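Student: File name model.cif; file contents mmCIF, N, CA and C atoms and all ligand atoms; full text below.
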```cif
data_input
#
loop_
_atom_site.label_atom_id
_atom_site.label_comp_id
_atom_site.auth_asym_id
_atom_site.auth_seq_id
_atom_site.Cartn_x
_atom_site.Cartn_y
_atom_site.Cartn_z
N MET A 1 79.63 -127.89 -137.93
CA MET A 1 80.15 -126.54 -138.13
C MET A 1 79.09 -125.49 -137.81
N ASP A 2 77.81 -125.90 -138.00
CA ASP A 2 76.73 -124.98 -137.71
C ASP A 2 76.66 -124.71 -136.21
N PHE A 3 76.88 -125.75 -135.44
CA PHE A 3 76.91 -125.60 -133.98
C PHE A 3 78.02 -124.63 -133.58
N PHE A 4 79.17 -124.83 -134.20
CA PHE A 4 80.34 -124.00 -133.86
C PHE A 4 80.07 -122.54 -134.19
N ARG A 5 79.45 -122.30 -135.35
CA ARG A 5 79.16 -120.92 -135.75
C ARG A 5 78.20 -120.26 -134.76
N ARG A 6 77.19 -121.04 -134.32
CA ARG A 6 76.24 -120.49 -133.37
C ARG A 6 76.92 -120.25 -132.02
N PHE A 7 77.81 -121.18 -131.67
CA PHE A 7 78.54 -121.06 -130.41
C PHE A 7 79.43 -119.82 -130.41
N MET A 8 80.05 -119.51 -131.54
CA MET A 8 80.99 -118.40 -131.62
C MET A 8 80.31 -117.05 -131.82
N ALA A 9 79.01 -117.06 -132.08
CA ALA A 9 78.29 -115.80 -132.31
C ALA A 9 78.38 -114.93 -131.06
N GLY A 10 78.79 -113.68 -131.25
CA GLY A 10 78.90 -112.77 -130.12
C GLY A 10 80.15 -112.97 -129.30
N ARG A 11 81.00 -113.89 -129.73
CA ARG A 11 82.26 -114.11 -129.04
C ARG A 11 83.40 -113.51 -129.83
N TYR A 12 84.51 -113.33 -129.16
CA TYR A 12 85.59 -112.53 -129.73
C TYR A 12 86.29 -113.22 -130.90
N GLY A 13 86.66 -114.48 -130.73
CA GLY A 13 87.39 -115.18 -131.81
C GLY A 13 88.88 -114.95 -131.71
N SER A 14 89.56 -115.13 -132.83
CA SER A 14 91.02 -115.07 -132.81
C SER A 14 91.52 -113.70 -133.25
N ASP A 15 92.72 -113.37 -132.82
CA ASP A 15 93.35 -112.12 -133.24
C ASP A 15 94.87 -112.33 -133.21
N PRO A 16 95.64 -111.33 -133.67
CA PRO A 16 97.11 -111.52 -133.69
C PRO A 16 97.69 -111.84 -132.32
N LEU A 17 97.12 -111.27 -131.25
CA LEU A 17 97.63 -111.56 -129.91
C LEU A 17 97.44 -113.03 -129.57
N ASN A 18 96.26 -113.58 -129.90
CA ASN A 18 96.02 -114.99 -129.65
C ASN A 18 96.96 -115.88 -130.46
N ASN A 19 97.18 -115.50 -131.72
CA ASN A 19 98.11 -116.27 -132.55
C ASN A 19 99.50 -116.26 -131.92
N ALA A 20 99.92 -115.08 -131.42
CA ALA A 20 101.24 -114.97 -130.80
C ALA A 20 101.31 -115.85 -129.55
N LEU A 21 100.22 -115.85 -128.76
CA LEU A 21 100.20 -116.68 -127.55
C LEU A 21 100.29 -118.16 -127.91
N LEU A 22 99.59 -118.55 -128.98
CA LEU A 22 99.63 -119.96 -129.42
C LEU A 22 101.03 -120.35 -129.87
N ILE A 23 101.66 -119.46 -130.66
CA ILE A 23 103.01 -119.75 -131.14
C ILE A 23 103.97 -119.84 -129.96
N LEU A 24 103.81 -118.90 -129.00
CA LEU A 24 104.64 -118.93 -127.80
C LEU A 24 104.43 -120.25 -127.04
N GLY A 25 103.16 -120.68 -126.94
CA GLY A 25 102.84 -121.93 -126.26
C GLY A 25 103.51 -123.12 -126.92
N ILE A 26 103.44 -123.18 -128.26
CA ILE A 26 104.05 -124.29 -129.00
C ILE A 26 105.57 -124.26 -128.82
N ALA A 27 106.16 -123.03 -128.87
CA ALA A 27 107.61 -122.90 -128.68
C ALA A 27 108.00 -123.40 -127.29
N LEU A 28 107.18 -123.05 -126.27
CA LEU A 28 107.48 -123.49 -124.90
C LEU A 28 107.37 -125.00 -124.76
N ILE A 29 106.39 -125.60 -125.47
CA ILE A 29 106.24 -127.06 -125.42
C ILE A 29 107.53 -127.71 -125.93
N ILE A 30 108.04 -127.18 -127.05
CA ILE A 30 109.26 -127.74 -127.65
C ILE A 30 110.46 -127.55 -126.70
N VAL A 31 110.60 -126.32 -126.17
CA VAL A 31 111.71 -126.03 -125.26
C VAL A 31 111.64 -126.92 -124.02
N ALA A 32 110.42 -127.05 -123.45
CA ALA A 32 110.25 -127.85 -122.25
C ALA A 32 110.59 -129.32 -122.52
N ARG A 33 110.22 -129.81 -123.73
CA ARG A 33 110.55 -131.18 -124.11
C ARG A 33 112.06 -131.40 -124.17
N ILE A 34 112.73 -130.45 -124.84
CA ILE A 34 114.18 -130.58 -125.05
C ILE A 34 114.91 -130.54 -123.71
N LEU A 35 114.51 -129.60 -122.84
CA LEU A 35 115.23 -129.39 -121.59
C LEU A 35 114.69 -130.25 -120.45
N GLY A 36 113.55 -130.94 -120.71
CA GLY A 36 112.98 -131.79 -119.69
C GLY A 36 112.39 -131.01 -118.53
N TRP A 37 111.85 -129.83 -118.82
CA TRP A 37 111.26 -129.00 -117.77
C TRP A 37 109.78 -129.34 -117.61
N ALA A 38 109.47 -130.30 -116.73
CA ALA A 38 108.07 -130.70 -116.55
C ALA A 38 107.26 -129.55 -115.95
N TRP A 39 107.86 -128.74 -115.09
CA TRP A 39 107.14 -127.64 -114.43
C TRP A 39 106.65 -126.59 -115.41
N MET A 40 107.30 -126.57 -116.59
CA MET A 40 106.92 -125.61 -117.62
C MET A 40 105.50 -125.87 -118.10
N ASN A 41 105.02 -127.12 -117.96
CA ASN A 41 103.67 -127.47 -118.42
C ASN A 41 102.60 -126.61 -117.76
N VAL A 42 102.84 -126.18 -116.53
CA VAL A 42 101.88 -125.33 -115.83
C VAL A 42 101.72 -124.02 -116.60
N PHE A 43 102.85 -123.43 -117.00
CA PHE A 43 102.81 -122.17 -117.75
C PHE A 43 102.13 -122.38 -119.10
N ILE A 44 102.48 -123.48 -119.76
CA ILE A 44 101.92 -123.76 -121.08
C ILE A 44 100.40 -123.91 -120.98
N LEU A 45 99.96 -124.64 -119.96
CA LEU A 45 98.53 -124.85 -119.75
C LEU A 45 97.84 -123.51 -119.49
N ALA A 46 98.45 -122.67 -118.66
CA ALA A 46 97.89 -121.36 -118.34
C ALA A 46 97.79 -120.51 -119.60
N LEU A 47 98.83 -120.59 -120.42
CA LEU A 47 98.88 -119.83 -121.67
C LEU A 47 97.75 -120.26 -122.61
N LEU A 48 97.56 -121.58 -122.73
CA LEU A 48 96.53 -122.10 -123.63
C LEU A 48 95.14 -121.77 -123.09
N CYS A 49 94.99 -121.83 -121.75
CA CYS A 49 93.71 -121.45 -121.13
C CYS A 49 93.40 -119.99 -121.45
N LEU A 50 94.43 -119.15 -121.36
CA LEU A 50 94.26 -117.72 -121.66
C LEU A 50 93.82 -117.54 -123.11
N CYS A 51 94.42 -118.31 -124.00
CA CYS A 51 94.06 -118.27 -125.42
C CYS A 51 92.58 -118.59 -125.60
N TYR A 52 92.13 -119.70 -124.99
CA TYR A 52 90.73 -120.11 -125.14
C TYR A 52 89.80 -119.11 -124.50
N PHE A 53 90.23 -118.60 -123.32
CA PHE A 53 89.41 -117.61 -122.63
C PHE A 53 89.18 -116.40 -123.53
N ARG A 54 90.26 -115.91 -124.18
CA ARG A 54 90.16 -114.72 -125.03
C ARG A 54 89.29 -115.01 -126.26
N MET A 55 89.47 -116.21 -126.82
CA MET A 55 88.75 -116.59 -128.04
C MET A 55 87.24 -116.66 -127.81
N PHE A 56 86.84 -117.21 -126.65
CA PHE A 56 85.41 -117.43 -126.39
C PHE A 56 84.82 -116.31 -125.55
N SER A 57 85.60 -115.29 -125.28
CA SER A 57 85.13 -114.20 -124.44
C SER A 57 84.03 -113.41 -125.14
N ARG A 58 83.06 -112.95 -124.34
CA ARG A 58 82.00 -112.09 -124.88
C ARG A 58 82.31 -110.62 -124.67
N ASN A 59 83.37 -110.35 -123.90
CA ASN A 59 83.77 -108.96 -123.65
C ASN A 59 84.71 -108.52 -124.78
N ILE A 60 84.08 -108.26 -125.95
CA ILE A 60 84.86 -108.01 -127.17
C ILE A 60 85.70 -106.75 -127.03
N GLN A 61 85.15 -105.72 -126.37
CA GLN A 61 85.89 -104.47 -126.22
C GLN A 61 87.19 -104.65 -125.45
N ALA A 62 87.11 -105.38 -124.35
CA ALA A 62 88.31 -105.60 -123.53
C ALA A 62 89.35 -106.39 -124.30
N ARG A 63 88.89 -107.41 -125.04
CA ARG A 63 89.84 -108.23 -125.82
C ARG A 63 90.47 -107.39 -126.93
N TYR A 64 89.66 -106.54 -127.54
CA TYR A 64 90.15 -105.67 -128.61
C TYR A 64 91.22 -104.73 -128.07
N ALA A 65 90.97 -104.19 -126.87
CA ALA A 65 91.94 -103.27 -126.25
C ALA A 65 93.25 -103.99 -125.95
N GLU A 66 93.16 -105.23 -125.48
CA GLU A 66 94.37 -106.02 -125.20
C GLU A 66 95.18 -106.22 -126.47
N ASN A 67 94.46 -106.55 -127.55
CA ASN A 67 95.14 -106.78 -128.82
C ASN A 67 95.80 -105.49 -129.33
N GLU A 68 95.11 -104.35 -129.14
CA GLU A 68 95.69 -103.07 -129.58
C GLU A 68 96.99 -102.79 -128.83
N LYS A 69 96.99 -103.07 -127.53
CA LYS A 69 98.19 -102.86 -126.72
C LYS A 69 99.32 -103.73 -127.26
N PHE A 70 98.97 -104.97 -127.55
CA PHE A 70 99.98 -105.90 -128.08
C PHE A 70 100.49 -105.40 -129.43
N MET A 71 99.58 -104.94 -130.31
CA MET A 71 99.97 -104.51 -131.65
C MET A 71 100.86 -103.26 -131.60
N ARG A 72 100.63 -102.41 -130.59
CA ARG A 72 101.45 -101.21 -130.48
C ARG A 72 102.91 -101.60 -130.23
N TRP A 73 103.09 -102.69 -129.50
CA TRP A 73 104.45 -103.18 -129.25
C TRP A 73 104.96 -104.00 -130.43
N TRP A 74 104.08 -104.79 -131.03
CA TRP A 74 104.49 -105.75 -132.04
C TRP A 74 104.75 -105.12 -133.42
N ARG A 75 103.98 -104.08 -133.79
CA ARG A 75 104.12 -103.49 -135.12
C ARG A 75 105.56 -103.06 -135.41
N PRO A 76 106.19 -102.24 -134.53
CA PRO A 76 107.58 -101.85 -134.83
C PRO A 76 108.53 -103.03 -134.88
N VAL A 77 108.27 -104.04 -134.04
CA VAL A 77 109.14 -105.22 -134.03
C VAL A 77 109.02 -105.96 -135.36
N SER A 78 107.77 -106.16 -135.82
CA SER A 78 107.58 -106.90 -137.07
C SER A 78 108.10 -106.11 -138.26
N ASN A 79 107.97 -104.75 -138.20
CA ASN A 79 108.52 -103.93 -139.27
C ASN A 79 110.04 -104.09 -139.35
N ARG A 80 110.67 -104.14 -138.18
CA ARG A 80 112.12 -104.28 -138.16
C ARG A 80 112.53 -105.64 -138.73
N ILE A 81 111.77 -106.68 -138.36
CA ILE A 81 112.07 -108.02 -138.87
C ILE A 81 111.92 -108.03 -140.38
N ARG A 82 110.80 -107.45 -140.87
CA ARG A 82 110.55 -107.44 -142.30
C ARG A 82 111.64 -106.65 -143.04
N GLY A 83 112.06 -105.51 -142.44
CA GLY A 83 113.12 -104.70 -143.03
C GLY A 83 114.42 -105.47 -143.13
N ALA A 84 114.76 -106.19 -142.07
CA ALA A 84 116.00 -106.96 -142.05
C ALA A 84 115.94 -108.09 -143.08
N GLN A 85 114.75 -108.69 -143.24
CA GLN A 85 114.58 -109.75 -144.24
C GLN A 85 114.81 -109.19 -145.64
N GLY A 86 114.23 -108.01 -145.90
CA GLY A 86 114.37 -107.39 -147.21
C GLY A 86 115.81 -107.04 -147.51
N ARG A 87 116.52 -106.49 -146.51
CA ARG A 87 117.92 -106.12 -146.72
C ARG A 87 118.77 -107.35 -146.97
N PHE A 88 118.42 -108.44 -146.27
CA PHE A 88 119.17 -109.67 -146.48
C PHE A 88 118.91 -110.23 -147.87
N ALA A 89 117.66 -110.11 -148.34
CA ALA A 89 117.29 -110.67 -149.64
C ALA A 89 118.02 -109.97 -150.78
N ASP A 90 118.22 -108.63 -150.70
CA ASP A 90 118.91 -107.98 -151.82
C ASP A 90 120.28 -107.42 -151.42
N ARG A 91 120.96 -108.14 -150.52
CA ARG A 91 122.28 -107.72 -150.06
C ARG A 91 123.31 -107.75 -151.18
N LYS A 92 123.06 -108.52 -152.24
CA LYS A 92 124.02 -108.64 -153.34
C LYS A 92 123.87 -107.51 -154.34
N THR A 93 122.70 -106.90 -154.41
CA THR A 93 122.45 -105.87 -155.42
C THR A 93 122.32 -104.47 -154.84
N HIS A 94 122.10 -104.36 -153.53
CA HIS A 94 121.88 -103.04 -152.96
C HIS A 94 122.67 -102.82 -151.66
N CYS A 95 123.01 -101.56 -151.43
CA CYS A 95 123.66 -101.16 -150.19
C CYS A 95 122.66 -100.36 -149.37
N TYR A 96 122.83 -100.39 -148.06
CA TYR A 96 121.98 -99.59 -147.19
C TYR A 96 122.83 -98.63 -146.38
N PHE A 97 122.44 -97.37 -146.39
CA PHE A 97 123.14 -96.35 -145.60
C PHE A 97 122.14 -95.61 -144.74
N LYS A 98 122.66 -95.10 -143.65
CA LYS A 98 121.83 -94.25 -142.81
C LYS A 98 122.19 -92.81 -143.09
N CYS A 99 121.18 -91.96 -143.25
CA CYS A 99 121.43 -90.54 -143.46
C CYS A 99 122.11 -89.97 -142.22
N PRO A 100 123.25 -89.27 -142.39
CA PRO A 100 123.96 -88.72 -141.23
C PRO A 100 123.17 -87.62 -140.52
N GLU A 101 122.21 -87.05 -141.23
CA GLU A 101 121.44 -85.94 -140.66
C GLU A 101 120.24 -86.43 -139.86
N CYS A 102 119.38 -87.22 -140.52
CA CYS A 102 118.11 -87.59 -139.88
C CYS A 102 118.01 -89.08 -139.54
N GLY A 103 119.01 -89.85 -139.93
CA GLY A 103 119.00 -91.27 -139.56
C GLY A 103 118.10 -92.13 -140.43
N GLN A 104 117.50 -91.54 -141.46
CA GLN A 104 116.66 -92.29 -142.40
C GLN A 104 117.51 -93.34 -143.11
N ARG A 105 116.97 -94.55 -143.28
CA ARG A 105 117.72 -95.58 -143.97
C ARG A 105 117.52 -95.46 -145.48
N LEU A 106 118.60 -95.49 -146.22
CA LEU A 106 118.54 -95.30 -147.66
C LEU A 106 119.06 -96.54 -148.38
N ARG A 107 118.38 -96.86 -149.48
CA ARG A 107 118.73 -98.05 -150.23
C ARG A 107 119.30 -97.60 -151.57
N VAL A 108 120.53 -98.01 -151.90
CA VAL A 108 121.13 -97.62 -153.17
C VAL A 108 121.70 -98.86 -153.86
N PRO A 109 121.71 -98.84 -155.21
CA PRO A 109 122.25 -100.00 -155.93
C PRO A 109 123.74 -100.15 -155.67
N LYS A 110 124.18 -101.39 -155.68
CA LYS A 110 125.57 -101.70 -155.37
C LYS A 110 126.44 -101.61 -156.63
N GLY A 111 127.73 -101.41 -156.44
CA GLY A 111 128.68 -101.47 -157.54
C GLY A 111 128.72 -100.24 -158.42
N LYS A 112 128.34 -99.07 -157.89
CA LYS A 112 128.36 -97.84 -158.68
C LYS A 112 129.58 -96.99 -158.35
N GLY A 113 130.46 -97.49 -157.51
CA GLY A 113 131.60 -96.70 -157.09
C GLY A 113 131.19 -95.66 -156.08
N LYS A 114 131.93 -94.54 -156.07
CA LYS A 114 131.59 -93.48 -155.11
C LYS A 114 130.46 -92.64 -155.67
N ILE A 115 129.37 -92.55 -154.95
CA ILE A 115 128.23 -91.79 -155.47
C ILE A 115 127.74 -90.78 -154.43
N MET A 116 127.13 -89.72 -154.97
CA MET A 116 126.52 -88.71 -154.12
C MET A 116 125.10 -89.13 -153.83
N ILE A 117 124.76 -89.23 -152.57
CA ILE A 117 123.41 -89.63 -152.17
C ILE A 117 122.69 -88.43 -151.58
N THR A 118 121.46 -88.24 -152.04
CA THR A 118 120.64 -87.18 -151.46
C THR A 118 119.53 -87.83 -150.65
N CYS A 119 119.46 -87.48 -149.40
CA CYS A 119 118.42 -88.06 -148.55
C CYS A 119 117.06 -87.54 -148.99
N PRO A 120 116.11 -88.45 -149.30
CA PRO A 120 114.78 -88.00 -149.76
C PRO A 120 113.98 -87.38 -148.62
N HIS A 121 114.42 -87.58 -147.42
CA HIS A 121 113.66 -87.10 -146.26
C HIS A 121 114.06 -85.68 -145.88
N CYS A 122 115.40 -85.43 -145.74
CA CYS A 122 115.84 -84.10 -145.28
C CYS A 122 116.73 -83.40 -146.32
N HIS A 123 116.92 -84.04 -147.48
CA HIS A 123 117.68 -83.49 -148.61
C HIS A 123 119.15 -83.22 -148.30
N THR A 124 119.69 -83.89 -147.29
CA THR A 124 121.12 -83.79 -147.01
C THR A 124 121.87 -84.57 -148.08
N LYS A 125 122.98 -84.03 -148.55
CA LYS A 125 123.81 -84.72 -149.54
C LYS A 125 125.04 -85.29 -148.85
N PHE A 126 125.36 -86.53 -149.19
CA PHE A 126 126.60 -87.12 -148.67
C PHE A 126 127.07 -88.16 -149.66
N ASP A 127 128.38 -88.43 -149.68
CA ASP A 127 128.83 -89.46 -150.63
C ASP A 127 129.30 -90.72 -149.90
N ARG A 128 129.06 -91.83 -150.59
CA ARG A 128 129.41 -93.14 -150.04
C ARG A 128 129.92 -94.00 -151.17
N LYS A 129 130.75 -94.96 -150.81
CA LYS A 129 131.19 -95.94 -151.81
C LYS A 129 130.24 -97.13 -151.80
N THR A 130 129.83 -97.56 -152.99
CA THR A 130 128.91 -98.71 -153.04
C THR A 130 129.58 -99.88 -153.73
ZN ZN B 1 118.11 -87.35 -144.00
#
```
Give the structure from the file, written as structure tokens.
Tutor:
Amino acid sequence: MDFFRRFMAGRYGSDPLNNALLILGIALIIVARILGWAWMNVFILALLCLCYFRMFSRNIQARYAENEKFMRWWRPVSNRIRGAQGRFADRKTHCYFKCPECGQRLRVPKGKGKIMITCPHCHTKFDRKT
């Protein structure tokens, strides 16, 4: 492990982009296995090479910039996934409405009948059945 630590000194290491590439690589391996796409191995190998290249790269700034670009795209996607997971988890106790004025998503408890909702963002009032 001491050798590895010395080897990795001054090198970039792992980041969310690399993790995503690895997950994509593993997913492609599975898909290629199921569909029998031997040619896919070229892409998988290229993907894994890219992963190792980024991990052991000494050009930390360039790798950091790549990851930032990826995160700019990934952050809203992951937020949406997390939001959908949360809404699914409490679908029995809460309703979700979109504010007709500003489109803000509002969470209200379920089973209260017709209620007046005030948007906390733009203070528009509207009523909905829950
Ligand atoms: Zn609003």
Student: Kindly compile the residues surrounding ligand ZN 1 (chain B) within 6 Å, counting all atoms listed in the file, and format them as a PyMOL selection string.
Tutor: chain A and resi 99-104+119-124
Student: A:Leu21, A:Cys95, A:Ile117, A:Val77: which is nearest A:Leu50, counting only N, CA and C atoms?
Tutor: A:Leu21
Student: Using DSSP assignments from the backbone, pull out every residue in chain A that falls under strand (DSSP E or B) and give it to me as a list in words.
Tutor: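 Everything in chain A that counts as strand (DSSP E or B) is His94, Cys95, Tyr96, Phe97, Lys98, Arg105, Leu106, Arg107, Val108, Pro109, Lys114, Ile115, Met116, Ile117, Thr118, Lys125, Phe126, Asp127, Arg128 and Lys129 of chain A.
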Student: Around the point (122.8, -105.2, -156.7), in the coordinates given by the file, pick out the residues reaching within 12 Å, counting only C-alpha atoms, and return them as a list in words.
Tutor: Arg87, Phe88, Ala89, Asp90, Arg91, Lys92, Thr93, His94, Cys95, Tyr96, Arg107, Val108, Pro109, Lys110, Gly111, Lys112 and Thr130 of chain A
Student: What gap, in Å, lies between atom C of A:Cys51 and atom N of A:Asn18?
Tutor: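 Pair atom C of A:Cys51 / atom N of A:Asn18 returns 7.6 Å.
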Student: So what do you get for atom CA of A:Leu24 versus atom CA of A:Arg6, distance-wise?
Tutor: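 About the pair atom CA of A:Leu24 and atom CA of A:Arg6: they are 29.0 Å apart.
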Student: Please report the interatomic distance between atom N of A:Gly25 and atom CA of A:Phe70 in Å with one decimal.
Tutor: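 These atoms are spaced 15.2 Å apart.
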Student: When DSSP is applied to the backbone of this structure, which of chain A are assigned alpha helix (DSSP H)? Write them out as a VMD selection string.
Tutor: chain A and resid 2 to 8 16 to 35 40 to 55 60 to 89
Student: Set the distance at 9 Å and use only C-alpha atoms: which residues neighbour A:Phe56 once local chain neighbours fewer than 4 positions away are removed? I'd like the list as a list in words.
Tutor: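 Contacts, in chain order: Phe7, Met8, Gly10, Arg11, Tyr12, Gly13, Ser14, Cys51 and Tyr52 of chain A.
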Student: What are the centre and the three edge lengths of an axis-aligned box that wraps all atoms of stretch 66-74 of chain A in the file, given that 3 Å is added to every side, written as lines of an AutoDock Vina configuration file and rounded to one decimal in Å?
Tutor:
```
center_x = 99.1
center_y = -104.0
center_z = -129.3
size_x = 17.8
size_y = 11.6
size_z = 14.2
```
Student: Using only C-alpha atoms, which residue out of A:Gln85, A:Asn19, A:Thr118, A:Asn41 lies closest to A:Arg54?
Tutor: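 Using only C-alpha atoms, A:Arg54 sits closest to A:Asn19.
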Student: Compile the contact shell of A:Lys129 as a list in words: residues with an atom at most 6 Å away, counting all atoms listed in the file, same-chain residues fewer than 4 positions apart removed.
Tutor: Gly113, Lys114 and Ile115 of chain A
